[in-house]
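Containing mmCIF, N, CA and C atoms: coords-v1.cif.
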```cif
data_data
loop_
_atom_site.label_atom_id
_atom_site.label_comp_id
_atom_site.auth_asym_id
_atom_site.auth_seq_id
_atom_site.Cartn_x
_atom_site.Cartn_y
_atom_site.Cartn_z
N MET A 259 0.83 -1.19 0.00
CA MET A 259 0.00 0.00 0.00
C MET A 259 0.87 1.25 0.00
N VAL A 260 1.96 1.23 0.74
CA VAL A 260 2.85 2.39 0.83
C VAL A 260 3.41 2.74 -0.54
N LEU A 261 3.70 1.74 -1.35
CA LEU A 261 4.28 1.99 -2.66
C LEU A 261 3.33 2.75 -3.58
N ALA A 262 2.03 2.60 -3.39
CA ALA A 262 1.07 3.34 -4.21
C ALA A 262 1.23 4.84 -3.99
N PHE A 263 1.46 5.26 -2.75
CA PHE A 263 1.67 6.68 -2.46
C PHE A 263 3.01 7.15 -3.02
N TYR A 264 4.01 6.29 -2.96
CA TYR A 264 5.33 6.62 -3.52
C TYR A 264 5.21 6.84 -5.02
N ASP A 265 4.44 6.00 -5.69
CA ASP A 265 4.24 6.14 -7.13
C ASP A 265 3.55 7.45 -7.51
N LEU A 266 2.83 8.05 -6.56
CA LEU A 266 2.17 9.33 -6.79
C LEU A 266 3.10 10.52 -6.53
N GLY A 267 4.36 10.23 -6.19
CA GLY A 267 5.34 11.29 -5.97
C GLY A 267 5.40 11.78 -4.54
N MET A 268 4.80 11.05 -3.62
CA MET A 268 4.81 11.45 -2.22
C MET A 268 6.04 10.87 -1.51
N THR A 269 6.47 11.56 -0.47
CA THR A 269 7.51 11.02 0.39
C THR A 269 6.86 9.99 1.29
N VAL A 270 7.46 8.81 1.36
CA VAL A 270 6.86 7.70 2.10
C VAL A 270 7.81 7.23 3.18
N PHE A 271 7.25 6.98 4.37
CA PHE A 271 8.02 6.43 5.48
C PHE A 271 7.39 5.09 5.87
N GLY A 272 8.15 4.03 5.74
CA GLY A 272 7.68 2.73 6.18
C GLY A 272 7.99 2.58 7.66
N VAL A 273 6.99 2.31 8.47
CA VAL A 273 7.18 2.21 9.92
C VAL A 273 6.83 0.79 10.37
N GLU A 274 7.83 0.09 10.82
CA GLU A 274 7.64 -1.27 11.34
C GLU A 274 7.87 -1.32 12.85
N LYS A 275 8.73 -0.43 13.35
CA LYS A 275 9.06 -0.46 14.78
C LYS A 275 9.27 0.96 15.28
N GLN A 276 9.43 1.12 16.58
CA GLN A 276 9.58 2.42 17.23
C GLN A 276 10.69 3.25 16.59
N GLU A 277 11.80 2.62 16.30
CA GLU A 277 12.94 3.33 15.70
C GLU A 277 12.56 3.95 14.35
N ASP A 278 11.81 3.22 13.54
CA ASP A 278 11.33 3.73 12.25
C ASP A 278 10.41 4.93 12.45
N PHE A 279 9.52 4.82 13.44
CA PHE A 279 8.59 5.91 13.74
C PHE A 279 9.34 7.17 14.15
N LEU A 280 10.31 7.02 15.05
CA LEU A 280 11.06 8.19 15.53
C LEU A 280 11.85 8.85 14.40
N LYS A 281 12.41 8.05 13.50
CA LYS A 281 13.15 8.59 12.35
C LYS A 281 12.20 9.34 11.42
N ALA A 282 11.04 8.75 11.15
CA ALA A 282 10.06 9.40 10.28
C ALA A 282 9.58 10.71 10.90
N LYS A 283 9.31 10.68 12.20
CA LYS A 283 8.84 11.89 12.90
C LYS A 283 9.90 12.99 12.85
N GLU A 284 11.15 12.61 13.02
CA GLU A 284 12.24 13.58 12.93
C GLU A 284 12.32 14.20 11.54
N ASP A 285 12.18 13.37 10.51
CA ASP A 285 12.17 13.90 9.14
C ASP A 285 10.99 14.84 8.91
N ILE A 286 9.84 14.49 9.43
CA ILE A 286 8.65 15.35 9.30
C ILE A 286 8.89 16.68 10.02
N ASP A 287 9.51 16.62 11.20
CA ASP A 287 9.79 17.83 11.97
C ASP A 287 10.76 18.76 11.24
N ASN A 288 11.68 18.19 10.47
CA ASN A 288 12.75 18.98 9.84
C ASN A 288 12.44 19.41 8.41
N LYS A 289 11.31 19.01 7.87
CA LYS A 289 10.96 19.38 6.49
C LYS A 289 9.62 20.09 6.48
N ASP A 290 9.32 20.75 5.39
CA ASP A 290 8.08 21.53 5.28
C ASP A 290 6.97 20.73 4.60
N PHE A 291 6.43 19.76 5.30
CA PHE A 291 5.31 19.00 4.77
C PHE A 291 4.02 19.76 5.07
N ALA A 292 3.10 19.78 4.11
CA ALA A 292 1.81 20.43 4.33
C ALA A 292 0.79 19.42 4.85
N VAL A 293 0.89 18.18 4.38
CA VAL A 293 -0.05 17.13 4.77
C VAL A 293 0.73 15.86 5.06
N VAL A 294 0.33 15.17 6.12
CA VAL A 294 0.91 13.87 6.46
C VAL A 294 -0.25 12.88 6.59
N PHE A 295 -0.19 11.81 5.82
CA PHE A 295 -1.17 10.74 5.92
C PHE A 295 -0.59 9.66 6.83
N VAL A 296 -1.37 9.23 7.80
CA VAL A 296 -0.95 8.21 8.75
C VAL A 296 -2.02 7.14 8.78
N THR A 297 -1.63 5.88 8.72
CA THR A 297 -2.64 4.82 8.80
C THR A 297 -3.17 4.73 10.23
N GLU A 298 -4.39 4.22 10.35
CA GLU A 298 -5.01 4.07 11.65
C GLU A 298 -4.16 3.19 12.58
N THR A 299 -3.53 2.17 12.02
CA THR A 299 -2.69 1.28 12.81
C THR A 299 -1.55 2.05 13.48
N ILE A 300 -0.88 2.91 12.72
CA ILE A 300 0.23 3.71 13.26
C ILE A 300 -0.29 4.73 14.27
N ALA A 301 -1.43 5.35 13.96
CA ALA A 301 -2.01 6.35 14.87
C ALA A 301 -2.40 5.72 16.20
N GLU A 302 -2.81 4.47 16.19
CA GLU A 302 -3.19 3.79 17.43
C GLU A 302 -1.97 3.31 18.21
N LYS A 303 -0.90 3.00 17.50
CA LYS A 303 0.29 2.42 18.12
C LYS A 303 1.23 3.46 18.72
N TYR A 304 1.33 4.63 18.09
CA TYR A 304 2.29 5.65 18.50
C TYR A 304 1.59 6.96 18.88
N ASN A 305 2.22 7.74 19.71
CA ASN A 305 1.66 9.01 20.16
C ASN A 305 1.94 10.10 19.11
N LEU A 306 0.88 10.60 18.53
CA LEU A 306 0.99 11.63 17.49
C LEU A 306 0.45 12.99 17.95
N ASP A 307 0.20 13.13 19.25
CA ASP A 307 -0.43 14.35 19.76
C ASP A 307 0.30 15.61 19.35
N ASP A 308 1.64 15.61 19.40
CA ASP A 308 2.38 16.82 19.04
C ASP A 308 2.19 17.17 17.58
N LEU A 309 2.02 16.18 16.71
CA LEU A 309 1.75 16.46 15.30
C LEU A 309 0.33 16.98 15.11
N PHE A 310 -0.63 16.39 15.84
CA PHE A 310 -2.03 16.83 15.72
C PHE A 310 -2.23 18.26 16.22
N ASN A 311 -1.42 18.70 17.14
CA ASN A 311 -1.60 20.03 17.74
C ASN A 311 -0.97 21.15 16.93
N ARG A 312 -0.32 20.85 15.85
CA ARG A 312 0.31 21.88 15.01
C ARG A 312 -0.65 22.36 13.93
N THR A 313 -0.37 23.54 13.43
CA THR A 313 -1.14 24.03 12.29
C THR A 313 -0.73 23.26 11.04
N LEU A 314 0.56 23.13 10.82
CA LEU A 314 1.09 22.33 9.72
C LEU A 314 2.16 21.40 10.24
N PRO A 315 2.23 20.24 9.72
CA PRO A 315 1.41 19.69 8.65
C PRO A 315 0.04 19.25 9.18
N ALA A 316 -0.92 19.23 8.27
CA ALA A 316 -2.22 18.66 8.61
C ALA A 316 -2.04 17.15 8.63
N VAL A 317 -2.42 16.52 9.71
CA VAL A 317 -2.26 15.08 9.85
C VAL A 317 -3.60 14.41 9.62
N LEU A 318 -3.68 13.58 8.59
CA LEU A 318 -4.91 12.89 8.26
C LEU A 318 -4.73 11.40 8.47
N VAL A 319 -5.60 10.83 9.26
CA VAL A 319 -5.54 9.40 9.56
C VAL A 319 -6.43 8.67 8.55
N ILE A 320 -5.83 7.69 7.88
CA ILE A 320 -6.54 6.95 6.84
C ILE A 320 -6.57 5.46 7.19
N PRO A 321 -7.54 4.73 6.66
CA PRO A 321 -7.57 3.29 6.91
C PRO A 321 -6.32 2.62 6.33
N GLY A 322 -5.89 1.57 6.99
CA GLY A 322 -4.76 0.81 6.50
C GLY A 322 -5.23 -0.34 5.63
N ALA A 323 -4.32 -1.24 5.32
CA ALA A 323 -4.63 -2.38 4.47
C ALA A 323 -5.64 -3.32 5.13
N LYS A 324 -5.72 -3.30 6.46
CA LYS A 324 -6.63 -4.19 7.19
C LYS A 324 -8.03 -3.60 7.33
N GLY A 325 -8.26 -2.41 6.80
CA GLY A 325 -9.58 -1.79 6.90
C GLY A 325 -9.63 -0.71 7.96
N ALA A 326 -10.80 -0.15 8.15
CA ALA A 326 -10.99 0.98 9.06
C ALA A 326 -11.31 0.52 10.47
N SER A 327 -10.74 1.23 11.45
CA SER A 327 -11.02 0.93 12.86
C SER A 327 -11.83 2.04 13.53
N GLY A 328 -11.99 3.17 12.85
CA GLY A 328 -12.73 4.30 13.43
C GLY A 328 -11.82 5.42 13.90
N LYS A 329 -10.53 5.16 14.00
CA LYS A 329 -9.58 6.18 14.45
C LYS A 329 -9.55 7.36 13.47
N GLY A 330 -9.69 7.09 12.18
CA GLY A 330 -9.68 8.14 11.17
C GLY A 330 -10.85 9.08 11.34
N SER A 331 -12.03 8.53 11.60
CA SER A 331 -13.22 9.37 11.82
C SER A 331 -13.07 10.23 13.06
N GLU A 332 -12.51 9.64 14.10
CA GLU A 332 -12.28 10.38 15.35
C GLU A 332 -11.30 11.53 15.11
N SER A 333 -10.25 11.26 14.35
CA SER A 333 -9.25 12.28 14.05
C SER A 333 -9.85 13.41 13.22
N LEU A 334 -10.65 13.05 12.21
CA LEU A 334 -11.28 14.06 11.37
C LEU A 334 -12.23 14.93 12.19
N LYS A 335 -12.95 14.32 13.13
CA LYS A 335 -13.84 15.08 14.00
C LYS A 335 -13.07 16.12 14.80
N LYS A 336 -11.90 15.72 15.34
CA LYS A 336 -11.07 16.66 16.11
C LYS A 336 -10.58 17.82 15.23
N ILE A 337 -10.18 17.50 14.01
CA ILE A 337 -9.71 18.54 13.09
C ILE A 337 -10.83 19.54 12.80
N LEU A 338 -12.02 19.02 12.52
CA LEU A 338 -13.17 19.89 12.22
C LEU A 338 -13.56 20.74 13.42
N GLU A 339 -13.54 20.14 14.61
CA GLU A 339 -13.88 20.90 15.81
C GLU A 339 -12.89 22.04 16.04
N ARG A 340 -11.62 21.76 15.80
CA ARG A 340 -10.60 22.79 15.97
C ARG A 340 -10.78 23.91 14.94
N ALA A 341 -11.10 23.53 13.71
CA ALA A 341 -11.30 24.53 12.66
C ALA A 341 -12.53 25.37 12.89
N LEU A 342 -13.59 24.74 13.38
CA LEU A 342 -14.86 25.45 13.60
C LEU A 342 -14.93 26.13 14.97
N GLY A 343 -14.10 25.70 15.90
CA GLY A 343 -14.14 26.26 17.24
C GLY A 343 -15.37 25.83 18.01
N SER A 344 -15.90 24.68 17.66
CA SER A 344 -17.12 24.20 18.31
C SER A 344 -17.13 22.68 18.33
N GLU A 345 -17.75 22.11 19.36
CA GLU A 345 -17.84 20.66 19.46
C GLU A 345 -18.88 20.12 18.49
N LEU A 346 -18.56 19.00 17.85
CA LEU A 346 -19.50 18.37 16.92
C LEU A 346 -20.13 17.17 17.60
N ASN A 347 -21.43 17.04 17.45
CA ASN A 347 -22.14 15.87 17.97
C ASN A 347 -22.48 14.98 16.79
N MET A 348 -21.73 13.89 16.68
CA MET A 348 -21.93 12.99 15.54
C MET A 348 -22.39 11.64 16.03
#
```

Would you write the structure of this file as structure tokens?
Amino acid sequence: MVLAFYDLGMTVFGVEKQEDFLKAKEDIDNKDFAVVFVTETIAEKYNLDDLFNRTLPAVLVIPGAKGASGKGSESLKKILERALGSELNM
């Protein structure tokens, strides 16, 4: 699945373990990314709060190869609430 994004010209970070995650996060911190796509599996496994709390990059949680767990919907709700300045009842 990661290769499909690479074929679209995106920078791709394969994360299998904590060390991979920390390296990817460091690269994201040091470059000017506007959008970061993170699979639900990675979002559930690692703490992304500092990325979510920034203006840029926008962090979007997407379903992984195993399907959706609901983390993406929860993340999108938080983004919308922050943008609107109001709590959403969904």

| query | What are the DSSP strand (DSSP E or B) residues of range 267-341 of chain A, as number ranges by chain? | reply | A: 293-297, 316-320, 322, 325

| query | So which residues get picked by the PyMOL selection byres ((chain A and resi 292) around 8) here, written as a PyMOL selection string? | reply | chain A and resi 289-291+293-295+313-317

| the PyMOL selection byres ((chain A and resi 297) around 6.5) on the file shown: which residues, as a ChimeraX atom specification? | /A:295-296,298-302,318-322

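Note that the spacing between atom C of Ile337 in chain A and CA of Phe310 in chain A amounts to 9.7 Å.
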
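The two atoms in question, CA of Lys336 in chain A and CA of Lys303 in chain A, are spaced 18.3 Å apart.
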
| remark: A straight line from CA of Gly328 in chain A to CA of Thr269 in chain A spans 25.0 Å

Find the axis-aligned box for range 284-292 of chain A, covering all its listed atoms and adding 8 Å on each side, and write its centre and edge lengths in Å to one decimal as JSON.
```
{"center_x": 6.8, "center_y": 17.1, "center_z": 8.6, "size_x": 28.0, "size_y": 24.9, "size_z": 24.9}
```

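By only C-alpha atoms, and with residues fewer than 5 positions from Ala282 in chain A along its chain excluded, the set lying at most 10 Å from it is Val270, Phe271, Gly272, Val273, Gln276, Glu277, Asp287 and Asn288 of chain A.
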